[in-house]
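Next comes protein34.cif, with mmCIF, C-alpha atoms and all ligand atoms.
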```cif
data_coords
loop_
_atom_site.label_atom_id
_atom_site.label_comp_id
_atom_site.auth_asym_id
_atom_site.auth_seq_id
_atom_site.Cartn_x
_atom_site.Cartn_y
_atom_site.Cartn_z
CA MET A 1 12.01 14.83 -60.03
CA LEU A 2 13.02 18.14 -61.58
CA ASN A 3 14.50 17.86 -65.02
CA VAL A 4 15.50 20.40 -67.65
CA ASN A 5 17.00 19.23 -70.94
CA PRO A 6 20.58 20.51 -71.42
CA ASP A 7 19.72 21.26 -75.05
CA ILE A 8 17.81 24.55 -74.87
CA SER A 9 16.17 23.96 -78.24
CA LYS A 10 14.53 20.80 -76.86
CA ALA A 11 14.04 21.92 -73.26
CA GLN A 12 10.90 22.75 -71.34
CA THR A 13 11.11 25.23 -68.46
CA ILE A 14 11.44 23.84 -64.93
CA SER A 15 8.32 22.26 -63.46
CA THR A 16 6.00 24.67 -61.62
CA ASP A 17 6.26 22.24 -58.67
CA PHE A 18 9.56 23.92 -57.89
CA TYR A 19 7.79 27.21 -57.12
CA LEU A 20 4.58 25.83 -55.67
CA LYS A 21 5.48 22.86 -53.46
CA SER A 22 6.69 23.58 -49.94
CA GLU A 23 9.00 20.55 -49.87
CA TYR A 24 11.12 22.17 -52.59
CA LEU A 25 11.40 25.44 -50.68
CA GLU A 26 12.55 23.46 -47.64
CA LEU A 27 15.04 21.32 -49.61
CA THR A 28 16.42 24.44 -51.29
CA LYS A 29 17.69 25.66 -47.90
CA GLU A 30 20.30 22.95 -47.62
CA LYS A 31 20.84 22.00 -51.24
CA ILE A 32 21.19 25.47 -52.71
CA PHE A 33 21.55 28.20 -50.09
CA ALA A 34 23.72 26.46 -47.49
CA ASN A 35 25.96 25.02 -50.22
CA SER A 36 26.65 28.20 -52.15
CA TRP A 37 28.49 31.42 -51.36
CA GLN A 38 26.38 34.27 -50.06
CA PHE A 39 26.90 38.01 -49.67
CA ILE A 40 27.43 39.05 -46.03
CA GLY A 41 28.57 42.68 -46.19
CA ASP A 42 31.65 44.75 -46.91
CA THR A 43 34.97 45.53 -45.23
CA ASP A 44 33.87 49.10 -44.37
CA GLN A 45 31.52 47.57 -41.77
CA ILE A 46 34.55 46.29 -39.85
CA LYS A 47 37.02 48.96 -40.83
CA GLU A 48 39.37 48.74 -37.84
CA PRO A 49 40.68 45.95 -35.59
CA GLY A 50 38.12 45.23 -32.86
CA TRP A 51 35.05 45.99 -34.94
CA VAL A 52 32.34 43.35 -34.98
CA THR A 53 29.01 43.37 -36.76
CA PRO A 54 26.19 40.79 -36.57
CA VAL A 55 24.81 39.31 -39.79
CA ASN A 56 21.65 37.25 -40.02
CA PHE A 57 22.42 34.87 -42.88
CA LEU A 58 19.25 34.85 -45.04
CA GLU A 59 16.88 36.39 -42.52
CA ASN A 60 13.39 34.82 -42.40
CA TYR A 61 14.69 31.76 -44.24
CA LEU A 62 17.92 30.12 -43.05
CA ASN A 63 18.23 32.61 -40.17
CA GLU A 64 21.77 31.64 -39.25
CA PRO A 65 23.22 34.12 -36.72
CA LEU A 66 26.72 35.09 -37.86
CA LEU A 67 29.24 37.70 -36.88
CA LEU A 68 31.82 39.58 -38.93
CA SER A 69 34.91 40.58 -36.99
CA ARG A 70 38.31 42.11 -37.56
CA ASP A 71 40.91 40.80 -35.12
CA LYS A 72 43.89 42.66 -33.63
CA GLN A 73 46.07 41.61 -36.58
CA GLY A 74 43.56 43.08 -39.01
CA GLU A 75 42.32 39.68 -40.20
CA VAL A 76 38.62 39.42 -41.14
CA HIS A 77 36.56 36.52 -39.73
CA CYS A 78 33.06 35.25 -40.17
CA LEU A 79 32.03 33.49 -36.95
CA SER A 80 29.00 31.86 -35.47
CA ASN A 81 27.25 34.49 -33.30
CA VAL A 82 26.05 31.84 -30.85
CA CYS A 83 27.73 31.29 -27.48
CA THR A 84 29.11 27.77 -27.18
CA HIS A 85 27.90 27.50 -23.55
CA ARG A 86 24.09 27.54 -23.66
CA GLY A 87 23.46 29.18 -27.01
CA ASN A 88 22.92 32.85 -26.21
CA LEU A 89 23.34 35.32 -29.08
CA LEU A 90 26.60 37.16 -28.57
CA VAL A 91 26.67 40.45 -30.50
CA GLU A 92 23.48 42.42 -31.15
CA ARG A 93 24.77 45.49 -32.96
CA PRO A 94 27.94 46.73 -34.65
CA CYS A 95 30.51 47.82 -32.06
CA LYS A 96 34.21 47.92 -31.22
CA LEU A 97 35.43 45.34 -28.69
CA ASN A 98 38.56 43.94 -27.07
CA ASP A 99 37.03 40.51 -26.92
CA ILE A 100 33.62 38.97 -27.50
CA ARG A 101 31.82 38.58 -24.18
CA CYS A 102 28.61 36.65 -23.62
CA LYS A 103 26.13 38.61 -21.50
CA TYR A 104 24.53 35.47 -20.08
CA HIS A 105 27.31 33.86 -17.96
CA GLY A 106 30.40 35.77 -19.00
CA ARG A 107 32.11 33.40 -21.45
CA ARG A 108 34.73 35.25 -23.50
CA PHE A 109 36.12 34.66 -26.96
CA GLN A 110 38.93 36.28 -28.90
CA LEU A 111 38.03 38.28 -32.00
CA ASP A 112 39.07 35.30 -34.14
CA GLY A 113 36.50 33.14 -32.33
CA LYS A 114 38.90 31.20 -30.07
CA PHE A 115 37.59 30.42 -26.60
CA ALA A 116 39.32 32.67 -24.04
CA PHE A 117 37.73 32.37 -20.59
CA MET A 118 34.77 30.94 -18.66
CA PRO A 119 33.95 31.61 -15.00
CA GLU A 120 33.12 28.72 -12.60
CA PHE A 121 34.27 25.96 -14.95
CA LYS A 122 37.38 24.70 -13.06
CA GLU A 123 35.89 21.28 -12.31
CA VAL A 124 34.64 20.62 -15.83
CA GLU A 125 36.53 17.80 -17.49
CA ASN A 126 38.04 18.02 -20.97
CA PHE A 127 37.41 21.73 -21.05
CA PRO A 128 37.90 23.79 -23.12
CA ALA A 129 37.63 21.58 -26.19
CA GLU A 130 37.68 22.41 -29.87
CA ASN A 131 33.90 22.92 -29.96
CA ASP A 132 34.07 25.58 -27.26
CA ASN A 133 35.54 27.89 -29.91
CA LEU A 134 33.11 29.78 -32.14
CA THR A 135 32.71 28.11 -35.51
CA ASN A 136 34.87 29.95 -38.01
CA LEU A 137 33.37 30.08 -41.50
CA PRO A 138 35.35 30.64 -44.70
CA VAL A 139 35.45 34.22 -45.98
CA PHE A 140 35.82 35.14 -49.63
CA LYS A 141 36.66 38.73 -50.54
CA PHE A 142 35.99 40.35 -53.90
CA GLY A 143 36.95 44.04 -53.88
CA LYS A 144 35.52 45.18 -50.54
CA TRP A 145 32.62 42.71 -50.64
CA LEU A 146 32.53 39.68 -48.37
CA PHE A 147 30.94 36.27 -48.87
CA THR A 148 30.66 33.11 -46.86
CA SER A 149 29.22 29.65 -47.21
CA LEU A 150 27.71 27.49 -44.47
CA ASN A 151 28.70 24.30 -46.25
CA PRO A 152 30.68 25.11 -49.41
CA LYS A 153 30.14 22.63 -52.21
CA HIS A 154 32.58 24.34 -54.56
CA PRO A 155 35.40 26.90 -54.12
CA ALA A 156 34.26 30.54 -54.09
CA GLU A 157 36.55 31.26 -57.05
CA ASP A 158 34.35 29.01 -59.19
CA GLN A 159 31.37 31.24 -58.46
CA PHE A 160 33.09 34.61 -58.96
CA ARG A 161 36.18 34.14 -61.19
CA GLU A 162 34.73 35.29 -64.52
CA MET A 163 33.18 38.41 -63.03
CA ILE A 164 36.37 39.35 -61.20
CA ASP A 165 38.49 38.89 -64.33
CA ARG A 166 36.11 41.00 -66.37
CA VAL A 167 35.90 44.06 -64.12
CA SER A 168 39.14 43.87 -62.12
CA TRP A 169 40.33 47.16 -63.65
CA MET A 170 37.74 49.10 -61.61
CA PRO A 171 38.98 50.90 -58.47
CA PHE A 172 36.83 49.00 -55.95
CA GLU A 173 38.27 50.86 -52.95
CA ASP A 174 36.68 54.02 -54.36
CA PHE A 175 33.20 52.43 -54.41
CA HIS A 176 31.29 53.79 -51.41
CA PHE A 177 28.10 52.40 -49.95
CA ARG A 178 25.21 54.87 -50.10
CA PRO A 179 22.38 53.92 -47.73
CA GLU A 180 20.10 56.68 -49.05
CA LEU A 181 20.34 55.15 -52.55
CA SER A 182 19.81 51.62 -51.25
CA GLN A 183 16.50 49.91 -50.63
CA GLU A 184 14.76 46.65 -49.71
CA TYR A 185 11.90 45.52 -51.91
CA LYS A 186 9.32 43.02 -50.72
CA VAL A 187 8.14 41.06 -53.72
CA LYS A 188 5.07 38.81 -53.77
CA ALA A 189 6.72 36.08 -55.83
CA HIS A 190 8.92 33.01 -55.39
CA TRP A 191 12.61 33.97 -55.29
CA ALA A 192 13.41 31.96 -58.44
CA LEU A 193 10.76 33.77 -60.48
CA TYR A 194 12.46 37.02 -59.60
CA CYS A 195 15.88 35.64 -60.66
CA GLU A 196 14.73 34.13 -63.93
CA ASN A 197 13.15 37.41 -64.97
CA TYR A 198 16.48 39.14 -64.36
CA LEU A 199 18.24 36.52 -66.47
CA GLU A 200 16.76 37.50 -69.80
CA GLY A 201 16.76 40.81 -71.64
CA PHE A 202 13.97 39.43 -73.82
CA HIS A 203 11.36 41.38 -71.88
CA ILE A 204 13.15 44.75 -72.02
CA PRO A 205 11.24 46.15 -75.05
CA PHE A 206 7.92 44.92 -73.64
CA VAL A 207 8.30 45.82 -69.98
CA HIS A 208 10.91 48.59 -69.70
CA ALA A 209 10.17 51.39 -72.16
CA GLY A 210 12.69 53.75 -70.52
CA LEU A 211 15.54 51.25 -70.41
CA ASN A 212 14.74 50.13 -73.94
CA SER A 213 15.40 53.63 -75.23
CA ILE A 214 18.96 53.44 -73.86
CA ILE A 215 20.03 49.80 -74.40
CA ASP A 216 20.80 48.42 -77.86
CA TYR A 217 18.42 45.45 -77.82
CA GLY A 218 19.76 44.02 -81.10
CA ASN A 219 23.26 43.71 -79.66
CA TYR A 220 22.34 42.50 -76.18
CA THR A 221 24.36 39.38 -75.34
CA THR A 222 24.39 36.68 -72.65
CA GLU A 223 27.57 34.78 -71.78
CA LEU A 224 27.32 31.65 -69.64
CA PHE A 225 29.92 30.52 -67.11
CA ARG A 226 29.88 27.59 -64.67
CA TYR A 227 28.04 29.27 -61.76
CA SER A 228 27.40 32.73 -63.15
CA ASN A 229 26.52 34.56 -66.31
CA LEU A 230 26.85 37.99 -67.83
CA GLN A 231 24.39 40.06 -69.80
CA LEU A 232 26.19 42.84 -71.58
CA GLY A 233 24.09 45.90 -72.36
CA LEU A 234 25.52 48.22 -75.00
CA ALA A 235 24.46 51.85 -75.33
CA LYS A 236 22.11 52.61 -78.20
CA GLU A 237 23.06 56.13 -79.19
CA ASN A 238 26.47 57.72 -79.20
CA ASP A 239 25.42 60.26 -76.61
CA GLU A 240 24.20 57.65 -74.08
CA MET A 241 26.34 57.18 -70.98
CA CYS A 242 28.78 54.27 -71.23
CA PHE A 243 31.99 53.05 -69.57
CA ASP A 244 35.28 54.67 -70.39
CA LEU A 245 37.05 51.31 -70.72
CA PRO A 246 40.83 50.96 -70.35
CA SER A 247 42.71 49.06 -73.09
CA THR A 248 43.25 46.22 -70.58
CA SER A 249 39.49 45.52 -70.50
CA PRO A 250 38.34 42.58 -72.64
CA ASP A 251 35.49 44.87 -73.76
CA PHE A 252 37.72 47.73 -74.89
CA GLY A 253 36.18 49.36 -77.96
CA LYS A 254 32.58 48.47 -77.00
CA ARG A 255 30.08 51.03 -75.75
CA VAL A 256 29.14 49.18 -72.54
CA ALA A 257 26.18 50.78 -70.73
CA GLY A 258 25.95 48.09 -68.06
CA TYR A 259 27.43 44.78 -66.98
CA TYR A 260 24.69 42.57 -65.55
CA PHE A 261 26.39 39.72 -63.70
CA TRP A 262 24.28 37.10 -62.02
CA VAL A 263 26.02 34.79 -59.55
CA PHE A 264 24.34 31.55 -58.51
CA PRO A 265 21.93 31.27 -56.91
CA ASN A 266 20.55 34.69 -55.95
CA MET A 267 23.02 37.56 -56.43
CA MET A 268 23.21 40.22 -59.10
CA PHE A 269 26.13 42.58 -59.60
CA ASN A 270 25.15 45.41 -61.91
CA PHE A 271 28.08 47.61 -62.84
CA TYR A 272 27.21 51.00 -64.33
CA PRO A 273 29.50 53.93 -65.15
CA TRP A 274 28.47 55.43 -61.77
CA GLY A 275 29.32 52.32 -59.73
CA LEU A 276 27.70 49.07 -58.59
CA SER A 277 24.19 48.01 -57.65
CA ILE A 278 24.24 44.69 -55.79
CA ASN A 279 20.89 42.90 -55.66
CA VAL A 280 20.45 39.98 -53.28
CA VAL A 281 17.26 37.96 -53.62
CA LYS A 282 16.27 36.32 -50.34
CA PRO A 283 13.47 33.79 -50.07
CA THR A 284 11.04 34.63 -47.27
CA GLY A 285 8.18 32.27 -48.07
CA GLN A 286 6.59 30.10 -50.72
CA SER A 287 5.50 33.07 -52.79
CA THR A 288 7.45 35.94 -51.26
CA CYS A 289 10.99 37.21 -51.33
CA THR A 290 12.94 40.29 -50.31
CA VAL A 291 15.34 41.90 -52.73
CA SER A 292 18.07 44.13 -51.29
CA PHE A 293 19.37 46.82 -53.62
CA LEU A 294 22.72 48.07 -52.34
CA SER A 295 24.29 51.01 -54.15
CA TYR A 296 28.04 51.62 -54.17
CA VAL A 297 28.91 54.87 -55.92
CA TRP A 298 32.21 55.36 -57.68
CA ASP A 299 31.54 58.39 -59.92
CA GLU A 300 28.89 60.72 -58.51
CA ASN A 301 28.65 62.77 -61.71
CA LYS A 302 27.34 59.80 -63.69
CA LEU A 303 24.65 58.82 -61.18
CA ARG A 304 21.53 59.93 -62.98
CA GLN A 305 22.49 58.93 -66.50
CA GLY A 306 22.33 55.90 -68.74
CA ALA A 307 21.12 52.36 -68.04
CA GLY A 308 21.61 52.68 -64.27
CA ALA A 309 19.85 56.03 -63.95
CA ASN A 310 16.46 54.92 -62.69
CA LEU A 311 16.74 51.57 -60.95
CA HIS A 312 13.58 52.09 -58.90
CA GLN A 313 11.43 52.54 -62.00
CA VAL A 314 12.89 49.40 -63.61
CA GLU A 315 12.36 47.48 -60.37
CA MET A 316 8.69 48.48 -60.20
CA GLU A 317 8.20 47.27 -63.77
CA ASP A 318 9.94 43.96 -63.01
CA GLU A 319 8.02 43.40 -59.77
CA ASP A 320 4.74 43.97 -61.52
CA VAL A 321 5.38 41.36 -64.19
CA VAL A 322 6.98 38.84 -61.80
CA GLU A 323 3.99 39.08 -59.41
CA HIS A 324 1.67 38.40 -62.33
CA VAL A 325 3.72 35.31 -63.23
CA GLN A 326 3.44 34.13 -59.61
CA LYS A 327 -0.35 34.17 -60.04
CA GLY A 328 -0.19 32.59 -63.49
CA ILE A 329 1.93 29.56 -62.64
CA ARG A 330 -0.72 28.38 -60.17
CA SER A 331 -3.08 27.77 -63.05
CA ARG A 332 -4.13 24.16 -63.63
CA PHE A 333 -3.56 24.80 -67.33
CA TYR A 334 0.10 25.78 -67.04
CA GLN A 335 2.93 23.33 -66.29
CA HIS A 336 5.86 24.22 -68.53
CA GLY A 337 6.91 26.67 -71.21
CA ARG A 338 9.74 26.62 -73.77
CA TYR A 339 12.81 28.85 -74.11
CA SER A 340 13.88 31.24 -76.85
CA VAL A 341 17.26 29.84 -77.90
CA LYS A 342 18.58 33.31 -78.65
CA MET A 343 17.06 35.31 -75.80
CA GLU A 344 16.60 32.96 -72.81
CA LYS A 345 19.98 31.26 -72.44
CA GLY A 346 20.44 32.79 -68.99
CA THR A 347 17.10 31.53 -67.70
CA HIS A 348 17.80 28.06 -69.08
CA HIS A 349 21.24 28.11 -67.40
CA PHE A 350 19.61 29.01 -64.08
CA HIS A 351 17.02 26.24 -64.34
CA ARG A 352 19.76 23.74 -65.21
CA LEU A 353 21.73 24.76 -62.10
CA LEU A 354 18.60 24.44 -59.96
CA THR A 355 18.04 20.87 -61.14
CA GLU A 356 21.74 20.06 -60.64
CA PHE A 357 21.77 21.27 -57.04
CA MET A 358 18.38 19.79 -56.16
CA SER A 359 19.21 16.31 -57.42
S1 LIG B 401 25.31 31.14 -22.77
FE1 LIG B 401 27.07 32.30 -23.01
S2 LIG B 401 28.07 32.14 -21.13
FE2 LIG B 401 26.32 30.96 -20.89
FE FE B 402 13.52 43.57 -66.16
#
```

How does this structure look as structure tokens?
Amino acid sequence: MLNVNPDISKAQTISTDFYLKSEYLELTKEKIFANSWQFIGDTDQIKEPGWVTPVNFLENYLNEPLLLSRDKQGEVHCLSNVCTHRGNLLVERPCKLNDIRCKYHGRRFQLDGKFAFMPEFKEVENFPAENDNLTNLPVFKFGKWLFTSLNPKHPAEDQFREMIDRVSWMPFEDFHFRPELSQEYKVKAHWALYCENYLEGFHIPFVHAGLNSIIDYGNYTTELFRYSNLQLGLAKENDEMCFDLPSTSPDFGKRVAGYYFWVFPNMMFNFYPWGLSINVVKPTGQSTCTVSFLSYVWDENKLRQGAGANLHQVEMEDEDVVEHVQKGIRSRFYQHGRYSVKMEKGTHHFHRLLTEFMS
């Protein structure tokens, strides 16, 4: 069984079995990814009543076909995208509709997922029943960003509260998605190796020369919360780009170059003076994952400055080292490492949560 000592000064890192054995990758589907809250898009994708957009929940892994919709009253829903008759997929691309209509035999649903009509079903007994409606999943909204859970084990607030409290002063409605600044990276490493690398700033001076010249490594801090944590990067020099914080911010007076929030199990919310880079790490295989970088720009003028200036370069440096670790952990001579108490609190926190959810 997986076990990580709660005392970081005594703990060994999680067993390499977690990354290498296929039964863990399979168990992780239900125990971690179905149970937690996952990013599914933003409200601009369903701006007006009648808009629907399909979402494949963790493509190439859980592959659950979902649908975001905005009903006539303006309410947002996350629905199953599978027809309750014989299982046809309902919506294939974003579009504006009056109702959701199955192309196979004409079953219709309201935009809130309620069954509306079915041809040739007069003689069918006990019809329609509750399970002829589309399954309606819970939706959590933070700013304009939407999340759902297939089988929530804890309330969404528990996953996001600390982040929301910390940055709630930002004008989220002015954050605009920029596809040309967004990218998908295919990484040849287990999804958890990618996350645990993100969770420590320990490697910054060794791996990221450019970032290291901007971030004050000596004052880099990690704060742990129940299902998330925050790495706070302060600007090194007085002329480096940092947030213009309002007095209501808990960080007022600090020269914050970047807020690096990680939210269990696989999401990163990196706030920079220019806006937000959301990173979602999606398992795609035993030693592969896809990382979506989604850029939401708030202040165009600050785009190419400071800690968030060159995300692609930093990503290439991270991928390189994480792919080397993927090769290294297969070694017969490596089973566990230890943690730096000062610098690897975030990685230890992540491993502890993995063992908690897997047990
Ligand atoms: S599968 Fe949708 S109406 Fe038959
Ligand atoms: Fe890094």

Counting all atoms listed in the file, give me one row per residue of chain A with an atom at most 10 Å from an atom of ligand LIG 401 (chain B), showing the shortest contact pair and its distance in Å to one decimal, sorted by chain then residue number, as a tab-separated table.
```
residue	atom	partner	partner_atom	distance
A:Val82	CA	B:LIG401	FE1	7.9
A:Cys83	CA	B:LIG401	FE1	4.6
A:Thr84	CA	B:LIG401	FE1	6.5
A:His85	CA	B:LIG401	S1	4.5
A:Arg86	CA	B:LIG401	S1	3.9
A:Gly87	CA	B:LIG401	S1	5.0
A:Asn88	CA	B:LIG401	S1	4.5
A:Leu89	CA	B:LIG401	FE1	7.7
A:Leu90	CA	B:LIG401	FE1	7.4
A:Arg101	CA	B:LIG401	FE1	8.0
A:Cys102	CA	B:LIG401	FE1	4.7
A:Lys103	CA	B:LIG401	FE1	6.6
A:Tyr104	CA	B:LIG401	FE2	4.9
A:His105	CA	B:LIG401	S2	3.7
A:Gly106	CA	B:LIG401	S2	4.8
A:Arg107	CA	B:LIG401	S2	4.2
A:Arg108	CA	B:LIG401	S2	7.7
A:Phe117	CA	B:LIG401	S2	9.7
A:Met118	CA	B:LIG401	S2	7.2
A:Pro119	CA	B:LIG401	S2	8.5
```

Minimum-distance residue to ligand FE 402 (chain B), chosen among A:Asn3, A:Asn229, A:Gln313, A:Thr53 (using all atoms listed in the file)
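Nearest to ligand FE 402 (chain B): A:Gln313.
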
*Within 10 Å of ligand FE 402 (chain B), counting all atoms listed in the file, which protein or nucleic acid residues do you find, written as an MDAnalysis selection string?*
chainID A and resid 194:208 211 314:322

Which neighbours of A:Thr28 fall inside 10 Å, counting only C-alpha atoms, when residues of the same chain fewer than 4 positions from it are skipped, and could you give them as a ChimeraX atom specification? /A:18,22-24,32-35,283,354,357-358

_Could you tell me how far atom CA of A:Ser292 sits from atom CA of A:Val280, in Å to one decimal place?_
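Between atom CA of A:Val280 and atom CA of A:Ser292 the gap is 5.2 Å.
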
Spatial neighbours of stretch 297-312 of chain A, 6 Å, only C-alpha atoms, chain gap at least 4 places, as number ranges by chain: A: 174-176, 240-241, 257, 272, 274-275

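Between atom CA of A:Arg255 and atom CA of A:Glu162 there is a distance of 19.9 Å.
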
Across A:Leu150, A:Ile46, A:Thr135, A:Val341, the smallest distance to A:Arg93, with only C-alpha atoms counted, is shown by A:Ile46

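With distances restricted to all atoms listed in the file, A:Ser247 is the closest residue to A:Trp169 from A:Asn133, A:Asn81, A:Ser247, A:Asn126.
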
Residue with the minimum atom-to-atom distance to A:Phe140, picked from A:Lys29, A:His348, A:His77, A:Arg226 with all atoms listed in the file counted, is A:His77

query = Which one is closest to A:Gln286: A:Asn219, A:Asn60, A:Asn98, A:Gln73? Count all atoms listed in the file.
reply =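 The shortest atom-to-atom distance to A:Gln286 comes from A:Asn60.
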
Using only C-alpha atoms, the residue out of A:Thr16, A:Phe269, A:Val52, A:Tyr227 with shortest distance to A:Arg161 is A:Tyr227

Q) Hey, can you check how far atom CA of A:Phe147 sits from atom CA of A:Asn270? A)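 Those two atoms sit 16.9 Å apart.
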
Please list as a compact mmCIF listing (two decimals) with C-alpha atoms, in the frame of the given file every residue within 9 Å of A:Gly258, counting all atoms listed in the file and excluding residues in the same chain fewer than 2 positions away.
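File produced: part.txt:
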```txt
# COMPACT_ATOMS: atom_id res chain seq x y z
CA ILE A 215 20.03 49.80 -74.40
CA GLN A 231 24.39 40.06 -69.80
CA LEU A 232 26.19 42.84 -71.58
CA GLY A 233 24.09 45.90 -72.36
CA LEU A 234 25.52 48.22 -75.00
CA ALA A 235 24.46 51.85 -75.33
CA CYS A 242 28.78 54.27 -71.23
CA PHE A 243 31.99 53.05 -69.57
CA VAL A 256 29.14 49.18 -72.54
CA TYR A 260 24.69 42.57 -65.55
CA ASN A 270 25.15 45.41 -61.91
CA PHE A 271 28.08 47.61 -62.84
CA TYR A 272 27.21 51.00 -64.33
CA PRO A 273 29.50 53.93 -65.15
CA GLY A 306 22.33 55.90 -68.74
CA ALA A 307 21.12 52.36 -68.04
CA GLY A 308 21.61 52.68 -64.27
```

A:Glu356: which residues within 12 Å, counting all atoms listed in the file, same-chain residues fewer than 5 positions away excluded, as a PyMOL selection string? chain A and resi 1-6+14+28+31-32+226-227+264-265+349-351

Provide an axis-aligned box for all listed atoms of stretch 33-48 of chain A, padding each side by 3 Å; report its centre and its edge lengths in Å to one decimal, as JSON.
```
{"center_x": 30.5, "center_y": 37.1, "center_z": -45.0, "size_x": 23.8, "size_y": 30.1, "size_z": 20.3}
```

Residues near A:Phe160, anyone? I mean within 9 Å using all atoms listed in the file, not counting same-chain ones fewer than 3 positions away, as a ChimeraX atom specification. /A:142,156-157,163-165,227-228,263

Could you dump the residues just selected with C-alpha atoms as a PDB file, in the coordinates of the input?
```
ATOM      1  CA  PHE A 142      35.990  40.350 -53.900  1.00  0.00           C
ATOM      2  CA  ALA A 156      34.260  30.540 -54.090  1.00  0.00           C
ATOM      3  CA  GLU A 157      36.550  31.260 -57.050  1.00  0.00           C
ATOM      4  CA  MET A 163      33.180  38.410 -63.030  1.00  0.00           C
ATOM      5  CA  ILE A 164      36.370  39.350 -61.200  1.00  0.00           C
ATOM      6  CA  ASP A 165      38.490  38.890 -64.330  1.00  0.00           C
ATOM      7  CA  TYR A 227      28.040  29.270 -61.760  1.00  0.00           C
ATOM      8  CA  SER A 228      27.400  32.730 -63.150  1.00  0.00           C
ATOM      9  CA  VAL A 263      26.020  34.790 -59.550  1.00  0.00           C
TER      10      VAL A 263
END
```
